[in-house]
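This is my_file35.tsv (TSV, N, CA and C atoms).
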```tsv
chain	number	residue	atom	x	y	z
A	219	THR	N	-23.94	126.90	-133.32
A	219	THR	CA	-24.91	127.76	-133.99
A	219	THR	C	-25.11	127.30	-135.42
A	220	ASN	N	-26.14	127.82	-136.04
A	220	ASN	CA	-26.43	127.47	-137.43
A	220	ASN	C	-25.30	127.88	-138.36
A	221	GLN	N	-24.69	129.05	-138.10
A	221	GLN	CA	-23.63	129.52	-138.98
A	221	GLN	C	-22.42	128.60	-138.94
A	222	SER	N	-22.01	128.14	-137.76
A	222	SER	CA	-20.84	127.27	-137.69
A	222	SER	C	-21.14	125.90	-138.29
A	223	THR	N	-22.37	125.42	-138.13
A	223	THR	CA	-22.76	124.15	-138.73
A	223	THR	C	-22.72	124.26	-140.25
A	224	MET	N	-23.24	125.35	-140.79
A	224	MET	CA	-23.24	125.56	-142.24
A	224	MET	C	-21.81	125.61	-142.74
A	225	PHE	N	-20.93	126.29	-142.01
A	225	PHE	CA	-19.53	126.40	-142.41
A	225	PHE	C	-18.88	125.02	-142.46
A	226	LYS	N	-19.16	124.19	-141.47
A	226	LYS	CA	-18.58	122.85	-141.43
A	226	LYS	C	-19.05	122.02	-142.61
A	227	VAL	N	-20.34	122.08	-142.93
A	227	VAL	CA	-20.89	121.30	-144.03
A	227	VAL	C	-20.27	121.77	-145.34
A	228	LYS	N	-20.17	123.08	-145.54
A	228	LYS	CA	-19.57	123.60	-146.77
A	228	LYS	C	-18.12	123.20	-146.86
A	229	SER	N	-17.40	123.25	-145.75
A	229	SER	CA	-15.98	122.88	-145.75
A	229	SER	C	-15.80	121.41	-146.12
A	230	ILE	N	-16.64	120.55	-145.56
A	230	ILE	CA	-16.56	119.12	-145.86
A	230	ILE	C	-16.89	118.87	-147.33
A	231	ALA	N	-17.93	119.53	-147.84
A	231	ALA	CA	-18.32	119.36	-149.24
A	231	ALA	C	-17.21	119.86	-150.16
A	232	LEU	N	-16.59	120.98	-149.81
A	232	LEU	CA	-15.49	121.52	-150.62
A	232	LEU	C	-14.31	120.57	-150.62
A	233	ALA	N	-13.95	120.04	-149.47
A	233	ALA	CA	-12.83	119.11	-149.38
A	233	ALA	C	-13.10	117.86	-150.22
A	234	ALA	N	-14.32	117.36	-150.18
A	234	ALA	CA	-14.67	116.18	-150.97
A	234	ALA	C	-14.59	116.48	-152.46
A	235	ALA	N	-15.06	117.65	-152.85
A	235	ALA	CA	-15.01	118.03	-154.27
A	235	ALA	C	-13.57	118.19	-154.75
A	236	LEU	N	-12.73	118.78	-153.92
A	236	LEU	CA	-11.33	118.98	-154.30
A	236	LEU	C	-10.58	117.66	-154.34
A	237	ALA	N	-10.92	116.73	-153.49
A	237	ALA	CA	-10.23	115.44	-153.47
A	237	ALA	C	-10.54	114.65	-154.72
A	238	GLY	N	-11.77	114.75	-155.22
A	238	GLY	CA	-12.16	114.11	-156.46
A	238	GLY	C	-11.66	112.68	-156.58
A	239	ASN	N	-10.77	112.44	-157.50
A	239	ASN	CA	-10.26	111.11	-157.77
A	239	ASN	C	-8.89	110.92	-157.15
A	240	ALA	N	-8.68	111.45	-155.96
A	240	ALA	CA	-7.37	111.39	-155.32
A	240	ALA	C	-6.92	109.95	-155.09
A	241	GLY	N	-7.86	109.00	-155.06
A	241	GLY	CA	-7.50	107.60	-154.82
A	241	GLY	C	-7.08	106.85	-156.07
A	242	TYR	N	-6.96	107.55	-157.20
A	242	TYR	CA	-6.60	106.89	-158.45
A	242	TYR	C	-5.44	107.59	-159.12
A	243	ALA	N	-4.59	106.80	-159.77
A	243	ALA	CA	-3.49	107.37	-160.54
A	243	ALA	C	-4.05	107.97	-161.82
A	244	ALA	N	-3.44	109.04	-162.31
A	244	ALA	CA	-3.91	109.70	-163.52
A	244	ALA	C	-3.70	108.81	-164.74
A	245	ALA	N	-4.56	108.98	-165.72
A	245	ALA	CA	-4.46	108.20	-166.96
A	245	ALA	C	-3.24	108.64	-167.75
A	246	ALA	N	-2.60	107.68	-168.41
A	246	ALA	CA	-1.42	107.99	-169.22
A	246	ALA	C	-1.81	108.34	-170.65
A	247	GLY	N	-3.05	108.11	-171.04
A	247	GLY	CA	-3.50	108.38	-172.40
A	247	GLY	C	-5.00	108.59	-172.44
A	248	CYS	N	-5.58	108.47	-173.63
A	248	CYS	CA	-7.01	108.70	-173.80
A	248	CYS	C	-7.79	107.39	-173.64
A	249	TYR	N	-8.92	107.48	-172.95
A	249	TYR	CA	-9.83	106.34	-172.83
A	249	TYR	C	-10.59	106.19	-174.15
A	250	PRO	N	-11.32	105.08	-174.34
A	250	PRO	CA	-12.10	104.94	-175.57
A	250	PRO	C	-13.03	106.14	-175.77
A	251	ALA	N	-13.26	106.49	-177.02
A	251	ALA	CA	-14.09	107.66	-177.34
A	251	ALA	C	-15.53	107.45	-176.91
A	252	TYR	N	-16.15	108.53	-176.44
A	252	TYR	CA	-17.56	108.54	-176.07
A	252	TYR	C	-18.41	108.22	-177.29
A	253	VAL	N	-19.44	107.40	-177.10
A	253	VAL	CA	-20.40	107.07	-178.15
A	253	VAL	C	-21.79	107.40	-177.61
A	254	ALA	N	-22.48	108.33	-178.26
A	254	ALA	CA	-23.83	108.70	-177.83
A	254	ALA	C	-24.71	107.46	-177.84
A	255	GLY	N	-25.45	107.24	-176.76
A	255	GLY	CA	-26.32	106.08	-176.65
A	255	GLY	C	-25.61	104.85	-176.13
A	256	GLY	N	-24.28	104.95	-175.93
A	256	GLY	CA	-23.53	103.83	-175.36
A	256	GLY	C	-23.99	103.58	-173.93
A	257	SER	N	-23.62	102.47	-173.37
A	257	SER	CA	-24.02	102.13	-172.01
A	257	SER	C	-22.95	102.62	-171.04
A	258	TYR	N	-23.24	103.69	-170.32
A	258	TYR	CA	-22.30	104.27	-169.36
A	258	TYR	C	-22.93	104.34	-167.98
A	259	ALA	N	-22.11	104.12	-166.98
A	259	ALA	CA	-22.57	104.18	-165.59
A	259	ALA	C	-21.63	105.05	-164.78
A	260	SER	N	-22.04	105.38	-163.59
A	260	SER	CA	-21.24	106.18	-162.68
A	260	SER	C	-19.82	105.63	-162.59
A	261	GLY	N	-18.83	106.50	-162.75
A	261	GLY	CA	-17.43	106.11	-162.63
A	261	GLY	C	-16.77	105.69	-163.94
A	262	ASP	N	-17.56	105.49	-165.00
A	262	ASP	CA	-16.99	105.09	-166.30
A	262	ASP	C	-16.16	106.23	-166.89
A	263	TRP	N	-15.10	105.85	-167.61
A	263	TRP	CA	-14.19	106.81	-168.24
A	263	TRP	C	-14.34	106.76	-169.75
A	264	VAL	N	-14.31	107.94	-170.40
A	264	VAL	CA	-14.33	108.06	-171.85
A	264	VAL	C	-13.43	109.23	-172.24
A	265	SER	N	-13.16	109.36	-173.52
A	265	SER	CA	-12.50	110.56	-174.01
A	265	SER	C	-13.43	111.22	-175.01
A	266	ALA	N	-13.23	112.50	-175.22
A	266	ALA	CA	-14.02	113.24	-176.21
A	266	ALA	C	-13.13	114.33	-176.81
A	267	THR	N	-13.30	114.54	-178.10
A	267	THR	CA	-12.49	115.49	-178.84
A	267	THR	C	-13.32	116.70	-179.22
A	268	THR	N	-12.72	117.86	-179.11
A	268	THR	CA	-13.36	119.11	-179.49
A	268	THR	C	-12.49	119.78	-180.55
A	269	THR	N	-13.12	120.23	-181.61
A	269	THR	CA	-12.41	120.96	-182.65
A	269	THR	C	-12.91	122.39	-182.66
A	270	LYS	N	-11.97	123.33	-182.55
A	270	LYS	CA	-12.31	124.75	-182.56
A	270	LYS	C	-11.72	125.38	-183.82
A	271	THR	N	-12.50	126.20	-184.49
A	271	THR	CA	-12.02	126.92	-185.66
A	271	THR	C	-12.12	128.41	-185.37
A	272	GLU	N	-10.99	129.09	-185.52
A	272	GLU	CA	-10.96	130.54	-185.32
A	272	GLU	C	-10.63	131.20	-186.65
A	273	ILE	N	-11.38	132.22	-186.98
A	273	ILE	CA	-11.14	132.96	-188.21
A	273	ILE	C	-10.74	134.38	-187.81
A	274	GLU	N	-9.56	134.80	-188.28
A	274	GLU	CA	-9.06	136.13	-187.98
A	274	GLU	C	-8.75	136.88	-189.26
A	275	ARG	N	-8.75	138.16	-189.17
A	275	ARG	CA	-8.41	139.02	-190.29
A	275	ARG	C	-7.10	139.72	-189.96
A	276	GLU	N	-6.11	139.56	-190.82
A	276	GLU	CA	-4.79	140.14	-190.59
A	276	GLU	C	-4.44	141.13	-191.70
A	277	SER	N	-3.65	142.11	-191.34
A	277	SER	CA	-3.16	143.02	-192.38
A	277	SER	C	-2.06	142.31	-193.16
A	278	CYS	N	-1.91	142.68	-194.44
A	278	CYS	CA	-0.90	142.06	-195.29
A	278	CYS	C	-0.49	143.04	-196.38
A	279	THR	N	0.49	142.65	-197.14
A	279	THR	CA	0.97	143.49	-198.24
A	279	THR	C	0.19	143.13	-199.49
A	280	VAL	N	-0.50	144.15	-200.06
A	280	VAL	CA	-1.29	143.94	-201.27
A	280	VAL	C	-0.39	143.34	-202.35
A	281	GLY	N	-0.91	142.31	-203.02
A	281	GLY	CA	-0.16	141.65	-204.07
A	281	GLY	C	0.48	140.34	-203.62
A	282	THR	N	0.57	140.11	-202.28
A	282	THR	CA	1.11	138.84	-201.80
A	282	THR	C	-0.02	137.81	-201.76
A	283	THR	N	0.36	136.54	-201.73
A	283	THR	CA	-0.61	135.44	-201.77
A	283	THR	C	-1.65	135.57	-200.65
A	284	GLY	N	-2.92	135.53	-201.05
A	284	GLY	CA	-4.02	135.57	-200.11
A	284	GLY	C	-4.43	136.96	-199.65
A	285	CYS	N	-3.68	137.96	-200.04
A	285	CYS	CA	-3.97	139.33	-199.59
A	285	CYS	C	-4.94	140.00	-200.54
A	286	SER	N	-6.02	140.55	-199.98
A	286	SER	CA	-7.01	141.23	-200.80
A	286	SER	C	-6.52	142.63	-201.17
A	287	SER	N	-7.23	143.27	-202.06
A	287	SER	CA	-6.85	144.61	-202.49
A	287	SER	C	-7.00	145.63	-201.36
A	288	SER	N	-7.72	145.25	-200.28
A	288	SER	CA	-7.88	146.15	-199.13
A	288	SER	C	-6.71	146.05	-198.15
A	289	GLY	N	-5.77	145.10	-198.40
A	289	GLY	CA	-4.61	144.94	-197.51
A	289	GLY	C	-4.87	144.04	-196.31
A	290	PHE	N	-5.89	143.18	-196.43
A	290	PHE	CA	-6.20	142.22	-195.37
A	290	PHE	C	-6.37	140.83	-195.95
A	291	LYS	N	-6.08	139.81	-195.13
A	291	LYS	CA	-6.34	138.43	-195.53
A	291	LYS	C	-7.00	137.70	-194.36
A	292	THR	N	-7.72	136.64	-194.69
A	292	THR	CA	-8.40	135.83	-193.69
A	292	THR	C	-7.50	134.65	-193.35
A	293	VAL	N	-7.27	134.46	-192.05
A	293	VAL	CA	-6.46	133.35	-191.57
A	293	VAL	C	-7.36	132.45	-190.72
A	294	THR	N	-7.44	131.17	-191.09
A	294	THR	CA	-8.25	130.21	-190.36
A	294	THR	C	-7.34	129.26	-189.61
A	295	THR	N	-7.57	129.13	-188.30
A	295	THR	CA	-6.80	128.23	-187.46
A	295	THR	C	-7.75	127.21	-186.84
A	296	THR	N	-7.43	125.92	-187.02
A	296	THR	CA	-8.25	124.86	-186.45
A	296	THR	C	-7.42	124.11	-185.40
A	297	THR	N	-7.99	123.96	-184.21
A	297	THR	CA	-7.32	123.28	-183.11
A	297	THR	C	-8.19	122.11	-182.65
A	298	THR	N	-7.58	120.95	-182.49
A	298	THR	CA	-8.29	119.77	-181.99
A	298	THR	C	-7.66	119.35	-180.67
A	299	GLU	N	-8.51	119.18	-179.65
A	299	GLU	CA	-8.04	118.79	-178.33
A	299	GLU	C	-8.89	117.63	-177.81
A	300	THR	N	-8.23	116.66	-177.18
A	300	THR	CA	-8.94	115.51	-176.61
A	300	THR	C	-8.69	115.47	-175.11
A	301	TYR	N	-9.76	115.24	-174.36
A	301	TYR	CA	-9.69	115.16	-172.90
A	301	TYR	C	-10.38	113.88	-172.43
A	302	ASN	N	-10.00	113.41	-171.26
A	302	ASN	CA	-10.70	112.30	-170.61
A	302	ASN	C	-11.78	112.87	-169.71
A	303	TYR	N	-12.87	112.11	-169.59
A	303	TYR	CA	-14.00	112.50	-168.76
A	303	TYR	C	-14.44	111.28	-167.95
A	304	GLN	N	-14.96	111.54	-166.74
A	304	GLN	CA	-15.51	110.47	-165.92
A	304	GLN	C	-16.97	110.76	-165.64
A	305	CYS	N	-17.81	109.73	-165.81
A	305	CYS	CA	-19.24	109.85	-165.50
A	305	CYS	C	-19.39	110.14	-164.01
A	306	VAL	N	-20.22	111.12	-163.66
A	306	VAL	CA	-20.37	111.57	-162.28
A	306	VAL	C	-20.87	110.46	-161.37
A	307	ASP	N	-20.61	110.62	-160.09
A	307	ASP	CA	-21.04	109.67	-159.08
A	307	ASP	C	-22.20	110.27	-158.29
A	308	ASN	N	-23.28	110.53	-158.99
A	308	ASN	CA	-24.49	111.06	-158.37
A	308	ASN	C	-25.67	110.73	-159.29
A	309	PRO	N	-26.89	111.11	-158.96
A	309	PRO	CA	-28.04	110.74	-159.79
A	309	PRO	C	-27.93	111.21	-161.26
A	310	ASN	N	-27.11	112.25	-161.53
A	310	ASN	CA	-26.96	112.72	-162.90
A	310	ASN	C	-26.21	111.72	-163.79
A	311	SER	N	-25.66	110.67	-163.20
A	311	SER	CA	-24.99	109.65	-164.01
A	311	SER	C	-25.97	108.99	-164.97
A	312	ALA	N	-27.26	109.10	-164.69
A	312	ALA	CA	-28.28	108.55	-165.59
A	312	ALA	C	-28.22	109.22	-166.97
A	313	PHE	N	-27.63	110.42	-167.05
A	313	PHE	CA	-27.53	111.15	-168.32
A	313	PHE	C	-26.28	110.79	-169.12
A	314	CYS	N	-25.35	110.03	-168.56
A	314	CYS	CA	-24.08	109.76	-169.24
A	314	CYS	C	-24.26	109.06	-170.58
A	315	SER	N	-25.30	108.25	-170.75
A	315	SER	CA	-25.54	107.55	-172.01
A	315	SER	C	-26.33	108.39	-173.01
A	316	ASN	N	-26.84	109.51	-172.58
A	316	ASN	CA	-27.68	110.37	-173.40
A	316	ASN	C	-26.81	111.33	-174.22
A	317	GLY	N	-26.92	111.26	-175.54
A	317	GLY	CA	-26.12	112.10	-176.43
A	317	GLY	C	-26.29	113.59	-176.19
A	318	SER	N	-27.40	114.01	-175.60
A	318	SER	CA	-27.60	115.43	-175.28
A	318	SER	C	-26.69	115.89	-174.15
A	319	TYR	N	-26.06	114.91	-173.48
A	319	TYR	CA	-25.15	115.21	-172.37
A	319	TYR	C	-23.74	114.69	-172.69
A	320	ALA	N	-23.38	114.69	-173.96
A	320	ALA	CA	-22.04	114.25	-174.38
A	320	ALA	C	-20.99	115.05	-173.60
A	321	PRO	N	-19.89	114.41	-173.23
A	321	PRO	CA	-18.89	115.09	-172.41
A	321	PRO	C	-18.42	116.44	-172.97
A	322	ASN	N	-18.27	116.53	-174.27
A	322	ASN	CA	-17.77	117.77	-174.88
A	322	ASN	C	-18.89	118.66	-175.40
A	323	GLY	N	-20.13	118.39	-174.99
A	323	GLY	CA	-21.27	119.19	-175.43
A	323	GLY	C	-21.66	120.26	-174.43
A	324	ASN	N	-22.68	121.01	-174.79
A	324	ASN	CA	-23.14	122.12	-173.93
A	324	ASN	C	-23.61	121.67	-172.55
A	325	ASN	N	-24.20	120.46	-172.46
A	325	ASN	CA	-24.72	119.96	-171.19
A	325	ASN	C	-23.79	118.94	-170.54
A	326	GLY	N	-22.63	118.72	-171.11
A	326	GLY	CA	-21.72	117.68	-170.65
A	326	GLY	C	-21.33	117.76	-169.19
A	327	SER	N	-21.16	118.96	-168.67
A	327	SER	CA	-20.69	119.10	-167.28
A	327	SER	C	-21.74	118.63	-166.26
A	328	ILE	N	-22.96	118.41	-166.70
A	328	ILE	CA	-24.00	117.90	-165.80
A	328	ILE	C	-23.74	116.42	-165.50
A	329	ALA	N	-23.24	115.69	-166.49
A	329	ALA	CA	-23.08	114.24	-166.34
A	329	ALA	C	-21.62	113.78	-166.30
A	330	TRP	N	-20.69	114.63	-166.70
A	330	TRP	CA	-19.29	114.22	-166.83
A	330	TRP	C	-18.35	115.19	-166.13
A	331	ILE	N	-17.24	114.67	-165.62
A	331	ILE	CA	-16.19	115.48	-164.99
A	331	ILE	C	-14.99	115.44	-165.93
A	332	LYS	N	-14.56	116.61	-166.37
A	332	LYS	CA	-13.44	116.72	-167.32
A	332	LYS	C	-12.12	116.69	-166.57
A	333	GLN	N	-11.19	115.84	-167.03
A	333	GLN	CA	-9.84	115.84	-166.48
A	333	GLN	C	-9.13	117.08	-166.98
A	334	GLY	N	-8.28	117.67	-166.16
A	334	GLY	CA	-7.65	118.94	-166.50
A	334	GLY	C	-6.69	118.91	-167.67
A	335	ALA	N	-5.94	117.85	-167.85
A	335	ALA	CA	-4.92	117.81	-168.89
A	335	ALA	C	-5.43	117.14	-170.17
A	336	LYS	N	-4.94	117.62	-171.32
A	336	LYS	CA	-5.26	116.96	-172.59
A	336	LYS	C	-4.67	115.56	-172.55
A	337	CYS	N	-5.27	114.67	-173.31
A	337	CYS	CA	-4.75	113.30	-173.37
A	337	CYS	C	-4.32	112.98	-174.79
A	338	SER	N	-3.48	111.96	-174.90
A	338	SER	CA	-3.08	111.45	-176.21
A	338	SER	C	-2.70	109.99	-176.05
A	339	GLY	N	-2.79	109.23	-177.12
A	339	GLY	CA	-2.48	107.81	-177.03
A	339	GLY	C	-3.65	107.06	-176.41
A	340	THR	N	-3.37	105.88	-175.87
A	340	THR	CA	-4.40	105.03	-175.28
A	340	THR	C	-4.15	104.85	-173.79
A	341	ALA	N	-5.21	105.03	-173.01
A	341	ALA	CA	-5.11	104.89	-171.55
A	341	ALA	C	-5.42	103.47	-171.13
A	342	THR	N	-4.90	103.10	-169.97
A	342	THR	CA	-5.27	101.85	-169.33
A	342	THR	C	-6.24	102.21	-168.22
A	343	ALA	N	-6.91	101.22	-167.66
A	343	ALA	CA	-7.87	101.47	-166.58
A	343	ALA	C	-7.17	102.14	-165.41
A	344	PRO	N	-7.86	103.06	-164.69
A	344	PRO	CA	-7.24	103.71	-163.55
A	344	PRO	C	-6.84	102.68	-162.48
A	345	VAL	N	-5.71	102.93	-161.86
A	345	VAL	CA	-5.19	102.02	-160.85
A	345	VAL	C	-5.33	102.65	-159.48
A	346	PRO	N	-5.99	101.98	-158.50
A	346	PRO	CA	-6.11	102.56	-157.16
A	346	PRO	C	-4.73	102.83	-156.58
A	347	VAL	N	-4.61	103.99	-155.93
A	347	VAL	CA	-3.35	104.37	-155.27
A	347	VAL	C	-3.42	103.93	-153.82
A	348	PRO	N	-2.43	103.17	-153.33
A	348	PRO	CA	-2.48	102.69	-151.94
A	348	PRO	C	-2.42	103.83	-150.94
```
As structure tokens:
Amino acid sequence: TNQSTMFKVKSIALAAALAGNAGYAAAAGCYPAYVAGGSYASGDWVSATTTKTEIERESCTVGTTGCSSSGFKTVTTTTTETYNYQCVDNPNSAFCSNGSYAPNGNNGSIAWIKQGAKCSGTATAPVPVP
């Protein structure tokens, strides 16, 4: 029936999506940084860094350093994280070289697949797993 055929197709597509890069060993570090306008093709690896700044207001004791007369101070926390990304293996790979689709940008997920773990140091090329 149509329903069982649809289920099979969805199951196969889900399994393929979950397998992802199962044939490759994970990177030990960060790949070269993404450069907008660089020449990227399907399967290419890059890294991209995101910096987040959070501003919070905390209560404090009036008269201590940074504490306003209202009993509050502003605390700014900046976090920098770097991840590896792989250019997609579909027609959207045409966007990988376009700065509007930078891996760490608003449209990045259209052209790039983000690796789950943060990276640090320098990566070597992925090695096929037998």
Using Å and a single decimal, report how far atom N of Ser265 (chain A) sits from atom C of Cys314 (chain A).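 For atom C of Cys314 (chain A) relative to atom N of Ser265 (chain A), the distance reads 11.5 Å.
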Quick one: contact table of region 252-318 of chain A to region 324-344 of chain A, 10 Å max, nearest atom pair and distance in Å to one decimal per residue, counting only C-alpha atoms, chain and number order, as CSV?
```
residue,atom,partner,partner_atom,distance
A:Ser260,CA,A:Ala329,CA,9.0
A:Gly261,CA,A:Trp330,CA,9.3
A:Asp262,CA,A:Trp330,CA,9.4
A:Trp263,CA,A:Ala343,CA,8.4
A:Val264,CA,A:Trp330,CA,9.4
A:Ser265,CA,A:Cys337,CA,8.2
A:Ala266,CA,A:Lys332,CA,9.6
A:Thr267,CA,A:Lys336,CA,9.7
A:Glu299,CA,A:Lys336,CA,6.6
A:Thr300,CA,A:Lys336,CA,5.6
A:Tyr301,CA,A:Lys336,CA,4.8
A:Asn302,CA,A:Gln333,CA,5.5
A:Tyr303,CA,A:Lys332,CA,4.5
A:Gln304,CA,A:Ile331,CA,5.1
A:Cys305,CA,A:Trp330,CA,4.6
A:Val306,CA,A:Trp330,CA,5.4
A:Asp307,CA,A:Ala329,CA,8.8
A:Asn308,CA,A:Ala329,CA,8.7
A:Pro309,CA,A:Ala329,CA,8.9
A:Asn310,CA,A:Ala329,CA,5.4
A:Ser311,CA,A:Ala329,CA,5.5
A:Ala312,CA,A:Ala329,CA,7.7
A:Phe313,CA,A:Ala329,CA,5.8
A:Cys314,CA,A:Ala329,CA,5.4
A:Ser315,CA,A:Ala329,CA,9.1
A:Asn316,CA,A:Ala329,CA,9.3
A:Gly317,CA,A:Gly326,CA,9.2
A:Ser318,CA,A:Asn325,CA,6.7
```
Selection near Thr298 (chain A), 10 Å with only C-alpha atoms, sequence-local residues under 2 positions removed, as a ChimeraX atom specification: /A:267-271,296,300
Listed atoms of region 276-281 of chain A boxed axis-aligned with 6 Å per side, centre + edges as JSON:
```
{"center_x": -2.6, "center_y": 141.9, "center_z": -197.3, "size_x": 19.1, "size_y": 16.6, "size_z": 25.5}
```
Give me, please, the distance in Å between atom C of Asn322 (chain A) and atom C of Ile273 (chain A), quoted to one decimal. 21.6 Å
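With atom C of Cys285 (chain A) on one side and CA of Thr297 (chain A) on the other, the separation reads 24.3 Å.
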Using all atoms listed in the file, can you tell me which of A:Ala320, A:Cys278, A:Ser287, A:Thr295 comes closest to Ala254 (chain A)? A:Ala320
